[in-house]
Each structure stands twice: as C-alpha cells, then as structure tokens.
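Everything on this sheet refers to the single structure shown next.
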Amino acid sequence: MNDQVKTEMQKLLKEIQSGAFAREWIAEARGGARRFAEFRRGAVEHPIEKVGAKLRAMMPWTEEGKAAKEHKPATKQSVRTGASAV
C-alpha cells in the first residue's frame with residue numbers, strides 16, 4: 001500500500017464517519033440508483049469475472065461447478081473407460 005492509497009482510504013473513512021457517505025448513498029437510492037447500476041454492470045463485465053466464472057465451474061463444491069458437472073458432455077475417453085468427465 002502506497003501513500004496515495006492510504007490517503008484515499010483515510011478520506012473515505014472520514015466520509016463514512018461524518019455521515020457524508022450515508023447521505024450520498026441514500027440520495028443515490030432515492031434517485032433510482034443509476035450510478036450503482038453502472039458500477040454493477042462494470043463489475044460484471046470486468047475480465048476478472050470471466051476468469052472467475054471459469055474457475056468456479058471447475059470447483060465441484062460451488063453451484064457453478066455442480067451445474068457444469070451436470071451439463072458436461074461425456075468425452076471420448078470417459079465413454080471408452082467408463083470414467084467420469086471431470
């Protein structure tokens with residue numbers, strides 16, 4: 001963490017402590033949350049989310065992994081040996 005990050009975090013903490021952040025958030029919500037929707041869209045479309053989705057699909061304990069396993073077609077190898085396609 002460099003000085004610039006530390007300064008920004010201190011600024012945000014002051015906004016939270018003063019109530020400025022809450023007032024801005026309430027105004028945003030009352031105004032239809034347009035900025036929040038933009039932030040959310042940007043987060044969903046971020047390249048790291050695409051990578052994350054692929055990784056979660058490889059994890060059999062996650063919902064994405066369970067769904068991927070259910071819909072994964074059998075491979076030639078699994079058909080020949082009877083092994084699972086994991």
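Chain labels A, B, ... are given in the sequence in which chains occur in the structure tokens; within each chain residues are numbered consecutively from 1, and ligands are likewise numbered from 1 in the order shown.
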Running DSSP on the backbone, which parts of chain A land in helix (DSSP H, G or I), as number ranges by chain?
A: 3-18, 20-30, 34-44, 47-57, 63-71, 76-81
Could you tell me how far atom CA of A:His46 lies from atom CA of A:Lys14, in Å and to one decimal?
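We find that atom CA of A:His46 and atom CA of A:Lys14 lie 28.9 Å from each other.
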Distance atom CA of A:Glu24-atom CA of A:Glu8, one decimal place?
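Spanning atom CA of A:Glu24 to atom CA of A:Glu8 is a straight-line distance of 17.4 Å.
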Can you pull out the residues contacting A:Ala68? Cut-off 10 Å, using only C-alpha atoms, and skip same-chain residues under 5 positions away; I want them as a PyMOL selection string.
chain A and resi 54+56-60+62-63+73+86
Give me the residues near A:Lys11 as a ChimeraX atom specification, where near means some atom within 12 Å (using only C-alpha atoms) and where sequence neighbours in that chain fewer than 6 positions away do not count.
/A:4-5,17-18,20-21
Between atom CA of A:Ala67 and atom CA of A:Ala53, what is the distance, to one decimal in Å?
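One can read the atom CA of A:Ala67 to atom CA of A:Ala53 distance as 11.9 Å.
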